[in-house]
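Structure file structure32.cif with mmCIF, C-alpha atoms:
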data_entry
loop_
_atom_site.label_atom_id
_atom_site.label_comp_id
_atom_site.auth_asym_id
_atom_site.auth_seq_id
_atom_site.Cartn_x
_atom_site.Cartn_y
_atom_site.Cartn_z
CA MET X 1 -36.26 -36.71 14.66
CA ALA X 2 -36.79 -35.35 11.15
CA LYS X 3 -33.89 -33.47 9.63
CA LYS X 4 -34.40 -29.77 9.23
CA LYS X 5 -34.50 -28.76 5.59
CA PRO X 6 -31.84 -26.20 4.70
CA SER X 7 -33.17 -22.70 4.19
CA LYS X 8 -32.69 -20.94 0.86
CA ASP X 9 -29.86 -18.91 2.37
CA GLU X 10 -28.07 -22.10 3.48
CA GLU X 11 -28.38 -23.84 0.12
CA PRO X 12 -25.34 -23.58 -2.19
CA LYS X 13 -25.75 -20.91 -4.83
CA LYS X 14 -26.31 -22.20 -8.34
CA LEU X 15 -24.31 -20.84 -11.24
CA SER X 16 -26.02 -18.00 -13.08
CA SER X 17 -23.38 -17.75 -15.82
CA TYR X 18 -20.85 -20.10 -17.42
CA THR X 19 -18.26 -19.63 -20.16
CA ILE X 20 -16.76 -22.42 -22.24
CA LYS X 21 -14.65 -22.67 -25.38
CA LEU X 22 -16.08 -24.90 -28.14
CA ASP X 23 -14.69 -25.99 -31.50
CA ASP X 24 -16.65 -25.58 -34.76
CA ALA X 25 -18.25 -29.03 -34.62
CA GLN X 26 -19.37 -28.52 -31.02
CA MET X 27 -20.76 -25.10 -31.93
CA GLU X 28 -22.91 -26.64 -34.64
CA LYS X 29 -24.15 -29.34 -32.25
CA LEU X 30 -25.22 -26.61 -29.85
CA ARG X 31 -26.90 -24.58 -32.60
CA ALA X 32 -28.82 -27.66 -33.77
CA TYR X 33 -29.91 -28.43 -30.19
CA CYS X 34 -31.36 -24.93 -29.76
CA GLU X 35 -33.06 -24.97 -33.16
CA ARG X 36 -34.67 -28.40 -32.58
CA ARG X 37 -36.28 -27.07 -29.44
CA LEU X 38 -37.49 -23.92 -31.22
CA TRP X 39 -35.60 -21.56 -28.95
CA LEU X 40 -35.95 -17.91 -29.89
CA SER X 41 -33.01 -16.59 -31.92
CA PHE X 42 -31.77 -13.03 -31.31
CA GLU X 43 -28.92 -10.79 -32.45
CA VAL X 44 -25.72 -10.25 -30.45
CA ALA X 45 -22.68 -8.39 -31.77
CA TYR X 46 -19.73 -10.60 -32.79
CA SER X 47 -21.72 -13.78 -32.25
CA ARG X 48 -22.27 -16.79 -34.51
CA PHE X 49 -25.67 -17.28 -32.96
CA ALA X 50 -27.66 -16.51 -29.84
CA TYR X 51 -30.78 -18.19 -28.46
CA LYS X 52 -33.01 -17.73 -25.47
CA ALA X 53 -35.36 -20.11 -23.70
CA ASP X 54 -37.67 -18.10 -21.46
CA HIS X 55 -39.23 -21.21 -19.94
CA LEU X 56 -35.76 -22.25 -18.71
CA LYS X 57 -34.72 -18.66 -17.89
CA LEU X 58 -31.65 -19.18 -20.05
CA ASN X 59 -29.66 -17.40 -22.78
CA VAL X 60 -26.98 -19.07 -24.91
CA THR X 61 -24.59 -16.91 -26.94
CA ALA X 62 -21.86 -18.37 -29.17
CA TYR X 63 -19.21 -15.85 -30.23
CA THR X 64 -17.01 -15.89 -33.32
CA SER X 65 -13.99 -16.35 -31.04
CA GLY X 66 -15.29 -19.82 -30.10
CA LYS X 67 -16.39 -18.70 -26.66
CA VAL X 68 -19.90 -19.65 -25.53
CA VAL X 69 -21.60 -17.78 -22.70
CA ILE X 70 -24.55 -19.40 -20.93
CA ALA X 71 -26.47 -17.11 -18.60
CA GLY X 72 -29.60 -17.21 -16.49
CA LYS X 73 -31.12 -19.18 -13.62
CA GLY X 74 -31.06 -22.39 -15.64
CA THR X 75 -27.31 -22.23 -16.34
CA GLU X 76 -26.09 -24.96 -14.01
CA ASP X 77 -28.71 -27.50 -15.06
CA PHE X 78 -28.11 -26.78 -18.76
CA VAL X 79 -24.35 -27.26 -18.44
CA ARG X 80 -24.74 -30.56 -16.57
CA ASP X 81 -27.65 -31.94 -18.59
CA VAL X 82 -26.81 -30.70 -22.10
CA ILE X 83 -23.38 -29.11 -22.61
CA GLU X 84 -21.35 -31.83 -20.92
CA PRO X 85 -23.18 -35.01 -21.99
CA GLU X 86 -24.35 -33.93 -25.45
CA ILE X 87 -21.93 -31.26 -26.69
CA THR X 88 -18.47 -31.76 -25.15
CA GLY X 89 -18.76 -35.29 -23.77
CA ALA X 90 -16.68 -34.24 -20.76
CA ALA X 91 -18.01 -33.81 -17.22
CA LYS X 92 -16.16 -30.94 -15.55
CA LEU X 93 -18.70 -28.84 -13.69
CA GLY X 94 -18.57 -29.83 -10.03
CA TYR X 95 -15.46 -31.98 -10.54
CA ASP X 96 -12.81 -29.35 -9.85
CA GLU X 97 -11.51 -31.20 -6.80
CA VAL X 98 -11.05 -34.39 -8.83
CA LEU X 99 -9.52 -32.69 -11.87
CA HIS X 100 -7.43 -30.13 -9.95
CA PRO X 101 -6.72 -31.42 -6.42
CA ASP X 102 -3.86 -28.91 -6.00
CA TRP X 103 -6.35 -26.04 -6.22
CA PHE X 104 -7.74 -27.04 -2.84
CA GLU X 105 -4.46 -27.35 -0.98
CA PRO X 106 -3.45 -24.46 1.31
CA HIS X 107 -1.22 -22.27 -0.87
CA ALA X 108 -0.43 -18.77 -2.07
CA GLY X 109 -1.50 -17.15 -5.34
CA LEU X 110 0.28 -14.17 -6.93
CA ASP X 111 -0.78 -11.88 -9.75
CA GLU X 112 -0.52 -8.27 -10.94
CA SER X 113 -2.58 -5.58 -12.63
CA GLY X 114 -1.89 -2.43 -14.61
CA LYS X 115 1.25 -3.65 -16.36
CA GLY X 116 -0.09 -2.95 -19.85
CA ASP X 117 -1.95 0.27 -19.00
CA PHE X 118 -0.33 3.66 -19.51
CA PHE X 119 -2.27 5.36 -16.71
CA GLY X 120 -1.97 4.17 -13.15
CA PRO X 121 0.59 2.06 -11.28
CA VAL X 122 1.50 -1.61 -11.49
CA ILE X 123 -0.18 -3.41 -8.59
CA THR X 124 0.87 -6.80 -7.23
CA ALA X 125 -1.14 -9.01 -4.88
CA THR X 126 -0.52 -12.15 -2.88
CA VAL X 127 -3.40 -14.18 -1.46
CA ILE X 128 -3.07 -17.17 0.88
CA ALA X 129 -6.08 -19.44 1.37
CA ASP X 130 -7.15 -22.94 2.37
CA LYS X 131 -9.76 -25.39 1.07
CA ALA X 132 -12.78 -23.86 2.84
CA ALA X 133 -12.05 -20.40 1.46
CA ILE X 134 -11.38 -21.72 -2.05
CA GLU X 135 -14.66 -23.66 -2.14
CA SER X 136 -16.60 -20.58 -1.05
CA TRP X 137 -14.90 -18.40 -3.71
CA ILE X 138 -15.75 -20.82 -6.50
CA LYS X 139 -19.43 -20.56 -5.49
CA GLU X 140 -19.16 -16.75 -5.44
CA GLY X 141 -17.78 -16.68 -8.99
CA VAL X 142 -14.17 -15.77 -8.22
CA ARG X 143 -12.20 -16.15 -11.46
CA ASP X 144 -9.54 -14.41 -13.54
CA SER X 145 -10.12 -10.66 -13.15
CA LYS X 146 -9.89 -10.16 -16.93
CA LYS X 147 -13.23 -12.00 -17.16
CA VAL X 148 -14.95 -9.86 -14.51
CA ALA X 149 -16.37 -6.34 -14.91
CA ASP X 150 -14.79 -3.61 -12.77
CA THR X 151 -18.09 -3.04 -10.96
CA LYS X 152 -18.06 -6.65 -9.72
CA ILE X 153 -14.29 -6.70 -9.11
CA VAL X 154 -14.58 -4.44 -6.07
CA LYS X 155 -17.41 -6.57 -4.60
CA LEU X 156 -15.41 -9.80 -5.06
CA ASP X 157 -12.35 -8.11 -3.54
CA GLU X 158 -14.40 -7.37 -0.42
CA ILE X 159 -15.65 -10.97 -0.26
CA ILE X 160 -12.09 -12.32 -0.56
CA ARG X 161 -10.71 -9.99 2.11
CA LYS X 162 -13.50 -10.86 4.56
CA THR X 163 -13.12 -14.63 4.18
CA PRO X 164 -11.97 -16.16 7.51
CA GLY X 165 -8.37 -17.37 7.60
CA VAL X 166 -7.35 -15.62 4.38
CA VAL X 167 -4.30 -13.39 3.99
CA VAL X 168 -4.24 -10.62 1.36
CA GLU X 169 -1.14 -8.51 0.71
CA VAL X 170 -1.33 -5.83 -1.98
CA PHE X 171 1.61 -3.70 -3.08
CA ALA X 172 0.50 -0.40 -4.62
CA TRP X 173 2.71 2.58 -5.40
CA GLU X 174 1.28 5.47 -3.44
CA TYR X 175 2.61 7.95 -5.98
CA MET X 176 3.31 7.44 -9.66
CA THR X 177 6.30 9.78 -9.33
CA LYS X 178 8.18 7.21 -7.23
CA TYR X 179 7.39 4.43 -9.70
CA ASN X 180 8.64 6.62 -12.57
CA GLU X 181 11.75 7.62 -10.65
CA LEU X 182 12.74 3.94 -10.38
CA MET X 183 11.76 3.04 -13.92
CA MET X 184 13.65 6.00 -15.47
CA ARG X 185 16.96 4.91 -13.97
CA PRO X 186 19.60 3.49 -16.33
CA ARG X 187 19.07 -0.23 -17.03
CA ALA X 188 15.70 -0.19 -15.24
CA ASN X 189 13.50 -3.15 -16.15
CA LEU X 190 9.78 -3.53 -15.45
CA ASN X 191 9.96 -7.30 -14.97
CA LEU X 192 12.74 -6.91 -12.39
CA LEU X 193 10.71 -4.31 -10.53
CA LEU X 194 7.65 -6.55 -10.74
CA ALA X 195 9.66 -9.47 -9.33
CA TRP X 196 10.78 -7.30 -6.40
CA GLN X 197 7.17 -6.26 -5.73
CA HIS X 198 5.94 -9.87 -5.84
CA ALA X 199 8.70 -11.09 -3.53
CA ARG X 200 8.03 -8.34 -1.02
CA GLY X 201 4.29 -9.07 -0.96
CA LEU X 202 4.76 -12.83 -0.71
CA ILE X 203 7.18 -12.59 2.20
CA ALA X 204 4.82 -10.24 4.05
CA ALA X 205 1.93 -12.68 3.49
CA LEU X 206 3.96 -15.72 4.62
CA ALA X 207 4.87 -13.88 7.81
CA LYS X 208 1.15 -13.95 8.65
CA LYS X 209 0.35 -17.48 7.48
CA LYS X 210 2.77 -20.20 6.43
CA VAL X 211 1.99 -22.42 3.45
CA PRO X 212 4.36 -24.81 1.64
CA TRP X 213 3.94 -23.51 -1.90
CA GLY X 214 2.53 -20.81 -4.13
CA LEU X 215 1.64 -20.22 -7.76
CA LEU X 216 2.56 -17.22 -9.89
CA ASP X 217 1.16 -16.25 -13.27
CA GLN X 218 4.25 -16.40 -15.50
CA PHE X 219 5.16 -12.90 -16.69
CA SER X 220 8.76 -13.74 -17.59
CA GLU X 221 10.60 -16.78 -18.93
CA GLN X 222 13.24 -16.23 -16.25
CA PRO X 223 12.55 -17.20 -12.58
CA LEU X 224 12.92 -13.58 -11.45
CA VAL X 225 10.71 -13.79 -8.36
CA GLN X 226 12.45 -16.98 -7.24
CA ARG X 227 15.78 -15.17 -7.46
CA GLU X 228 14.45 -12.34 -5.30
CA LEU X 229 13.19 -14.86 -2.73
CA LYS X 230 16.60 -16.54 -2.69
CA LYS X 231 18.26 -13.17 -2.02
CA LYS X 232 15.95 -12.77 0.96
CA ASN X 233 16.85 -16.27 2.18
CA LEU X 234 13.28 -17.60 2.10
CA LYS X 235 13.29 -21.32 2.91
CA GLY X 236 10.70 -24.07 3.13
CA PHE X 237 8.59 -22.61 0.33
CA GLU X 238 8.25 -23.55 -3.35
CA LEU X 239 7.09 -20.91 -5.83
CA ARG X 240 5.73 -22.46 -9.01
CA MET X 241 4.89 -20.47 -12.11
CA ARG X 242 3.03 -21.11 -15.32
CA THR X 243 0.98 -19.35 -17.96
CA LYS X 244 -2.80 -19.15 -17.43
CA ALA X 245 -2.23 -19.61 -13.71
CA GLU X 246 -5.43 -17.64 -13.04
CA GLU X 247 -7.32 -20.91 -13.56
CA ASP X 248 -6.21 -21.64 -9.99
CA PRO X 249 -8.81 -20.02 -7.67
CA VAL X 250 -6.20 -18.52 -5.34
CA VAL X 251 -4.29 -16.91 -8.22
CA ALA X 252 -7.67 -15.72 -9.54
CA ALA X 253 -8.33 -14.18 -6.12
CA ALA X 254 -4.95 -12.44 -6.27
CA SER X 255 -5.76 -11.13 -9.75
CA ILE X 256 -9.05 -9.71 -8.42
CA CYS X 257 -7.41 -8.05 -5.40
CA ALA X 258 -4.72 -6.52 -7.61
CA ARG X 259 -7.29 -5.31 -10.15
CA ALA X 260 -9.58 -3.90 -7.46
CA GLU X 261 -6.71 -1.81 -6.10
CA TYR X 262 -5.85 -0.68 -9.63
CA VAL X 263 -9.48 0.37 -10.11
CA ARG X 264 -9.34 2.38 -6.88
CA GLN X 265 -6.07 4.04 -7.89
CA MET X 266 -7.51 4.90 -11.30
CA GLN X 267 -10.57 6.44 -9.66
CA LYS X 268 -8.30 8.76 -7.66
CA LEU X 269 -6.32 9.76 -10.74
CA SER X 270 -9.52 10.22 -12.75
CA LYS X 271 -10.93 12.51 -10.08
CA ARG X 272 -7.86 14.68 -10.29
CA PHE X 273 -7.97 14.69 -14.08
CA GLY X 274 -11.67 15.55 -14.07
CA ALA X 275 -12.86 12.64 -16.22
CA LYS X 276 -12.56 8.86 -16.35
CA LEU X 277 -9.07 7.91 -17.49
CA GLN X 278 -8.92 5.20 -20.12
CA LYS X 279 -7.13 1.86 -19.75
CA GLY X 280 -4.60 0.49 -22.21
CA ALA X 281 -2.37 2.67 -24.39
CA GLY X 282 -4.49 3.43 -27.45
CA PRO X 283 -5.61 6.64 -29.18
CA LEU X 284 -8.01 7.72 -26.39
CA VAL X 285 -5.22 7.33 -23.85
CA LYS X 286 -2.91 9.49 -25.99
CA LYS X 287 -5.64 12.13 -26.25
CA GLN X 288 -6.03 12.25 -22.47
CA ALA X 289 -2.24 12.33 -21.97
CA THR X 290 -2.09 15.33 -24.31
CA GLU X 291 -4.85 17.04 -22.30
CA ILE X 292 -2.85 16.49 -19.09
CA ILE X 293 0.17 18.19 -20.65
CA GLU X 294 -1.97 21.11 -21.85
CA ARG X 295 -3.70 21.60 -18.49
CA PHE X 296 -1.03 20.71 -15.94
CA GLY X 297 2.26 20.84 -17.83
CA ALA X 298 4.48 18.08 -19.20
CA ARG X 299 6.03 17.18 -15.84
CA ALA X 300 2.58 16.38 -14.44
CA LEU X 301 2.30 13.49 -16.90
CA GLY X 302 4.56 11.50 -14.56
CA GLU X 303 1.95 11.84 -11.81
CA PHE X 304 -0.64 10.05 -13.95
CA GLY X 305 1.15 7.67 -16.31
CA LYS X 306 4.15 5.42 -16.88
CA LEU X 307 6.89 7.52 -18.45
CA HIS X 308 8.81 4.48 -19.76
CA PHE X 309 5.94 3.74 -22.16
CA ARG X 310 6.43 4.77 -25.79
CA THR X 311 3.13 6.65 -25.37
CA ALA X 312 4.77 9.16 -23.02
CA TYR X 313 7.57 10.02 -25.45
CA GLU X 314 5.15 10.33 -28.37
CA VAL X 315 2.74 12.74 -26.67
CA VAL X 316 5.46 14.85 -25.04
CA SER X 317 7.37 15.05 -28.31
CA ALA X 318 4.20 15.93 -30.27
CA ALA X 319 3.49 18.71 -27.77
CA GLY X 320 7.03 20.09 -28.23
CA LYS X 321 7.74 19.70 -24.51
CA LEU X 322 10.82 17.47 -24.46
CA ASN X 323 12.75 20.42 -23.08
CA GLU X 324 10.34 20.46 -20.12
CA LEU X 325 10.22 16.67 -19.62
CA SER X 326 13.26 14.96 -21.04
CA LEU X 327 12.48 11.39 -22.08
CA PRO X 328 14.76 8.92 -23.88
CA VAL X 329 13.93 8.09 -27.48
CA PRO X 330 12.15 4.70 -27.43
CA LYS X 331 13.76 1.78 -29.18
CA ASP X 332 12.33 0.77 -32.55
CA LYS X 333 9.56 -1.80 -32.30
CA PHE X 334 10.64 -5.30 -33.26
CA VAL X 335 8.77 -6.46 -36.35
CA ARG X 336 8.53 -10.17 -37.13
CA GLU X 337 9.31 -11.12 -40.74
#
Could you quickly redo this structure as structure tokens?
Amino acid sequence: MAKKKPSKDEEPKKLSSYTIKLDDAQMEKLRAYCERRLWLSFEVAYSRFAYKADHLKLNVTAYTSGKVVIAGKGTEDFVRDVIEPEITGAAKLGYDEVLHPDWFEPHAGLDESGKGDFFGPVITATVIADKAAIESWIKEGVRDSKKVADTKIVKLDEIIRKTPGVVVEVFAWEYMTKYNELMMRPRANLNLLLAWQHARGLIAALAKKKVPWGLLDQFSEQPLVQRELKKKNLKGFELRMRTKAEEDPVVAAASICARAEYVRQMQKLSKRFGAKLQKGAGPLVKKQATEIIERFGARALGEFGKLHFRTAYEVVSAAGKLNELSLPVPKDKFVRE
């Protein structure tokens, strides 16, 4: 009996975008390849060069940072047939399980969002998944949330949460006032609070599904989360941590779930403010913080932003409202010689 051909819906999705870091020599190899084939050159801001090949349904953009973005229906074939054999000389696409076997073991991933943003809370997330879930996420494009637009973050968050056998635990402060109350206490420390949040989320996740180990994106040189877990007498579990842990698909999933919740929290705060609140802590953020003080009063700033940030002291002081919202003078910034 002839085998039934898989339908288009059953076939694995091909990559439609791919990002890789290249050195100068590799960049020039890629430029020469595109020029030899008379690909159409076009302008892209902050790029060294950009080419398109309409017949391959493909765009290649090389940025001054060394990052190369390949996009279009022909992405996967181009990476396998050109980038790996002719430019980098290293076959990686499709070899994740060989190069990173630990990625596909059942384990937990932990990450956070909002730590460096003045507006909105710090969100932590724990995700537990097995091989089947991880393979499906890689096909869906689950990766470090910093590389994904907010519009897609929420969609990926939904995909992750609906994956069979997956556990997602997100810790989000319901009110910024409670977060600020804790952080304004004497000797309060954001990393200690973050460690407590991570430990709480991890323990809740492990209560639903046991796995032998987990990976945390390293936010501190000290093993703060491990200490919290020891206090809570957690046994039979190893929490590893390292920088760039979001390369692990489960940590990437945790980063997406944390960021998606941060996006939702920011939408609520923005609705109350009456305009989209900005991320980060730059000049536009200071302008909006000043508007909050003018419209709602200085105390209301603690309902929107993190009062332990230098930004809070600067805008409250500039508004002459330190008598209304008393904030400690921030320590001088450390300047490297």
Name every residue that the PyMOL selection byres ((chain X and resi 289) around 9) selects in this structure, writing the answer as a PDB file with C-alpha atoms, keeping the file's coordinate frame with chains first and numbers rising.
ATOM      1  CA  PHE X 119      -2.270   5.360 -16.710  1.00  0.00           C
ATOM      2  CA  LEU X 284      -8.010   7.720 -26.390  1.00  0.00           C
ATOM      3  CA  VAL X 285      -5.220   7.330 -23.850  1.00  0.00           C
ATOM      4  CA  LYS X 286      -2.910   9.490 -25.990  1.00  0.00           C
ATOM      5  CA  LYS X 287      -5.640  12.130 -26.250  1.00  0.00           C
ATOM      6  CA  GLN X 288      -6.030  12.250 -22.470  1.00  0.00           C
ATOM      7  CA  THR X 290      -2.090  15.330 -24.310  1.00  0.00           C
ATOM      8  CA  GLU X 291      -4.850  17.040 -22.300  1.00  0.00           C
ATOM      9  CA  ILE X 292      -2.850  16.490 -19.090  1.00  0.00           C
ATOM     10  CA  ILE X 293       0.170  18.190 -20.650  1.00  0.00           C
ATOM     11  CA  GLU X 294      -1.970  21.110 -21.850  1.00  0.00           C
ATOM     12  CA  LEU X 301       2.300  13.490 -16.900  1.00  0.00           C
ATOM     13  CA  PHE X 304      -0.640  10.050 -13.950  1.00  0.00           C
ATOM     14  CA  GLY X 305       1.150   7.670 -16.310  1.00  0.00           C
ATOM     15  CA  THR X 311       3.130   6.650 -25.370  1.00  0.00           C
ATOM     16  CA  ALA X 312       4.770   9.160 -23.020  1.00  0.00           C
ATOM     17  CA  VAL X 315       2.740  12.740 -26.670  1.00  0.00           C
ATOM     18  CA  VAL X 316       5.460  14.850 -25.040  1.00  0.00           C
TER      19      VAL X 316
END
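The result of the PyMOL selection byres ((chain X and resi 250) around 8) on the shown file is X:Trp103, X:His107, X:Ala108, X:Gly109, X:Leu110, X:Val127, X:Ile128, X:Ala129, X:Ile134, X:Glu246, X:Asp248, X:Pro249, X:Val251, X:Ala252, X:Ala253, X:Ala254.
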**OP:** Compute the distance from (0.9, -21.6, -21.2) to each atom, counting all atoms listed in the file, keep the residues with any atom at most 12 Å away, and return them as a list in words; use the coordinates of the file.
**Re:**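 Residues found, by chain and rising number: Asp217, Gln218, Phe219, Ser220, Glu221, Met241, Arg242, Thr243, Lys244, Ala245, Glu246 and Glu247 of chain X.
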**OP:** Go ahead and compute the interatomic distance for CA of Pro121 (chain X) and CA of Gly141 (chain X), in Å to one decimal.
**Re:** 26.3 Å
As AutoDock Vina command-line options, please report the centre and edge lengths, rounded to one decimal in Å, of the axis-aligned box that holds all listed atoms of region 283-289 of chain X with 6 Å of padding on each of the six sides.
--center_x -5.1 --center_y 9.5 --center_z -25.6 --size_x 17.8 --size_y 17.7 --size_z 19.2
Subject >> the PyMOL selection byres ((chain X and resi 46-63) around 12) applied to the shown file, residues as a PyMOL selection string >> reply: chain X and resi 15-24+26-45+64-79+82-83
Original post:
Taking into account all atoms listed in the file, which residue in the set X:Asp117, X:Asp102, X:Asp150, X:Glu314 is nearest to Gly214 (chain X)?
Top reply: X:Asp102
Subject >> Contacts of Pro328 (chain X) at 10 Å (only C-alpha atoms; same-chain gap of 6+ positions) as a list of chain:residue names >> reply: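 Everything that qualifies: X:Met184, X:Leu307, X:His308, X:Arg310, X:Tyr313, X:Leu322.
Proximity to Phe171 (chain X) at 8 Å, evaluated using only C-alpha atoms and with sequence-adjacent residues fewer than 2 positions away removed, yields Ile123, Thr124, Ala125, Glu169, Trp173, Gln197 and Gly201 of chain X.
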Original post:
To one decimal place, how far is CA of Arg185 (chain X) from CA of Glu261 (chain X) in Å?
Top reply: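 That distance, rounded to one decimal, is 25.8 Å.
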Original post:
To one decimal place, how far is CA of Phe237 (chain X) from CA of Lys210 (chain X) in Å?
Top reply: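 Atom-to-atom, CA of Phe237 (chain X) to CA of Lys210 (chain X), that is 8.8 Å.
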Original post:
Looking at all atoms listed in the file, which of X:Ala300, X:Ile138, X:Val225, X:Val211 is the one that sits closest to Ala195 (chain X)?
Top reply: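 Between X:Ala300, X:Ile138, X:Val225, X:Val211, the residue approaching Ala195 (chain X) most closely is X:Val225.
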Subject >> Contact residues around Arg299 (chain X) with only C-alpha atoms at 7 Å, ignoring same-chain residues under 2 positions, as JSON, numbers by chain >> reply: {"X": [297, 301, 302, 324, 325]}
Using the selection just defined, write its residues with C-alpha atoms as a CSV table (one decimal), in the frame of the given file.
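Written output follows (selection00.csv):
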chain,number,residue,atom,x,y,z
X,297,GLY,CA,2.3,20.8,-17.8
X,301,LEU,CA,2.3,13.5,-16.9
X,302,GLY,CA,4.6,11.5,-14.6
X,324,GLU,CA,10.3,20.5,-20.1
X,325,LEU,CA,10.2,16.7,-19.6
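The shortest atom-to-atom distance to Lys146 (chain X), with only C-alpha atoms taken into account, belongs to X:Ala258 out of X:Ala258, X:Ala298, X:Met183, X:Leu277.
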Subject >> Ala133 (chain X) environment, 8 Å, all atoms listed in the file, sequence neighbours closer than 5 positions dropped, as a list in words >> reply: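 Using all atoms listed in the file, the neighbours found are Thr163, Pro164, Gly165 and Val166 of chain X.
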Original post:
Which neighbours of Leu202 (chain X) fall inside 6 Å, counting all atoms listed in the file, when residues of the same chain fewer than 3 positions from it are skipped, and could you give them as an NGL selection string?
Top reply: :X and (126 or 199 or 205)
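Using only C-alpha atoms, the shortest contact distance between Pro106 (chain X) and any of X:Ala319, X:Ala260, X:Ala188, X:Val167 is found at X:Val167.
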Could I get region 251-266 of chain X rebuilt with N, CA, C and O atoms, written as a PDB file, in the frame of the given file?
ATOM      1  N   VAL X 251      -4.911 -17.882  -7.306  1.00  0.00           N
ATOM      2  CA  VAL X 251      -4.290 -16.910  -8.220  1.00  0.00           C
ATOM      3  C   VAL X 251      -5.376 -15.979  -8.768  1.00  0.00           C
ATOM      4  O   VAL X 251      -5.162 -14.766  -8.902  1.00  0.00           O
ATOM      5  N   ALA X 252      -6.552 -16.550  -9.074  1.00  0.00           N
ATOM      6  CA  ALA X 252      -7.670 -15.720  -9.540  1.00  0.00           C
ATOM      7  C   ALA X 252      -8.045 -14.689  -8.479  1.00  0.00           C
ATOM      8  O   ALA X 252      -8.313 -13.526  -8.802  1.00  0.00           O
ATOM      9  N   ALA X 253      -8.031 -15.110  -7.207  1.00  0.00           N
ATOM     10  CA  ALA X 253      -8.330 -14.180  -6.120  1.00  0.00           C
ATOM     11  C   ALA X 253      -7.279 -13.070  -6.060  1.00  0.00           C
ATOM     12  O   ALA X 253      -7.607 -11.894  -5.845  1.00  0.00           O
ATOM     13  N   ALA X 254      -6.013 -13.439  -6.261  1.00  0.00           N
ATOM     14  CA  ALA X 254      -4.950 -12.440  -6.270  1.00  0.00           C
ATOM     15  C   ALA X 254      -5.126 -11.469  -7.428  1.00  0.00           C
ATOM     16  O   ALA X 254      -4.903 -10.254  -7.294  1.00  0.00           O
ATOM     17  N   SER X 255      -5.548 -11.991  -8.583  1.00  0.00           N
ATOM     18  CA  SER X 255      -5.760 -11.130  -9.750  1.00  0.00           C
ATOM     19  C   SER X 255      -6.892 -10.137  -9.476  1.00  0.00           C
ATOM     20  O   SER X 255      -6.844  -8.981  -9.891  1.00  0.00           O
ATOM     21  N   ILE X 256      -7.926 -10.586  -8.754  1.00  0.00           N
ATOM     22  CA  ILE X 256      -9.050  -9.710  -8.420  1.00  0.00           C
ATOM     23  C   ILE X 256      -8.631  -8.640  -7.421  1.00  0.00           C
ATOM     24  O   ILE X 256      -8.971  -7.458  -7.571  1.00  0.00           O
ATOM     25  N   CYS X 257      -7.859  -9.025  -6.396  1.00  0.00           N
ATOM     26  CA  CYS X 257      -7.410  -8.050  -5.400  1.00  0.00           C
ATOM     27  C   CYS X 257      -6.484  -7.003  -6.029  1.00  0.00           C
ATOM     28  O   CYS X 257      -6.563  -5.809  -5.696  1.00  0.00           O
ATOM     29  N   ALA X 258      -5.609  -7.453  -6.924  1.00  0.00           N
ATOM     30  CA  ALA X 258      -4.720  -6.520  -7.610  1.00  0.00           C
ATOM     31  C   ALA X 258      -5.519  -5.573  -8.500  1.00  0.00           C
ATOM     32  O   ALA X 258      -5.279  -4.359  -8.529  1.00  0.00           O
ATOM     33  N   ARG X 259      -6.486  -6.136  -9.240  1.00  0.00           N
ATOM     34  CA  ARG X 259      -7.290  -5.310 -10.150  1.00  0.00           C
ATOM     35  C   ARG X 259      -8.180  -4.338  -9.379  1.00  0.00           C
ATOM     36  O   ARG X 259      -8.373  -3.194  -9.805  1.00  0.00           O
ATOM     37  N   ALA X 260      -8.730  -4.778  -8.262  1.00  0.00           N
ATOM     38  CA  ALA X 260      -9.580  -3.900  -7.460  1.00  0.00           C
ATOM     39  C   ALA X 260      -8.788  -2.692  -6.967  1.00  0.00           C
ATOM     40  O   ALA X 260      -9.287  -1.559  -6.983  1.00  0.00           O
ATOM     41  N   GLU X 261      -7.555  -2.927  -6.541  1.00  0.00           N
ATOM     42  CA  GLU X 261      -6.710  -1.810  -6.100  1.00  0.00           C
ATOM     43  C   GLU X 261      -6.362  -0.910  -7.271  1.00  0.00           C
ATOM     44  O   GLU X 261      -6.326   0.328  -7.129  1.00  0.00           O
ATOM     45  N   TYR X 262      -6.120  -1.501  -8.434  1.00  0.00           N
ATOM     46  CA  TYR X 262      -5.850  -0.680  -9.630  1.00  0.00           C
ATOM     47  C   TYR X 262      -7.057   0.184  -9.964  1.00  0.00           C
ATOM     48  O   TYR X 262      -6.911   1.362 -10.300  1.00  0.00           O
ATOM     49  N   VAL X 263      -8.249  -0.393  -9.856  1.00  0.00           N
ATOM     50  CA  VAL X 263      -9.480   0.370 -10.110  1.00  0.00           C
ATOM     51  C   VAL X 263      -9.584   1.544  -9.144  1.00  0.00           C
ATOM     52  O   VAL X 263      -9.913   2.674  -9.544  1.00  0.00           O
ATOM     53  N   ARG X 264      -9.271   1.306  -7.869  1.00  0.00           N
ATOM     54  CA  ARG X 264      -9.340   2.380  -6.880  1.00  0.00           C
ATOM     55  C   ARG X 264      -8.310   3.479  -7.172  1.00  0.00           C
ATOM     56  O   ARG X 264      -8.605   4.677  -7.051  1.00  0.00           O
ATOM     57  N   GLN X 265      -7.110   3.070  -7.558  1.00  0.00           N
ATOM     58  CA  GLN X 265      -6.070   4.040  -7.890  1.00  0.00           C
ATOM     59  C   GLN X 265      -6.468   4.866  -9.115  1.00  0.00           C
ATOM     60  O   GLN X 265      -6.246   6.081  -9.177  1.00  0.00           O
ATOM     61  N   MET X 266      -7.073   4.202 -10.097  1.00  0.00           N
ATOM     62  CA  MET X 266      -7.510   4.900 -11.300  1.00  0.00           C
ATOM     63  C   MET X 266      -8.646   5.879 -11.006  1.00  0.00           C
ATOM     64  O   MET X 266      -8.753   6.939 -11.624  1.00  0.00           O
TER      65      MET X 266
END
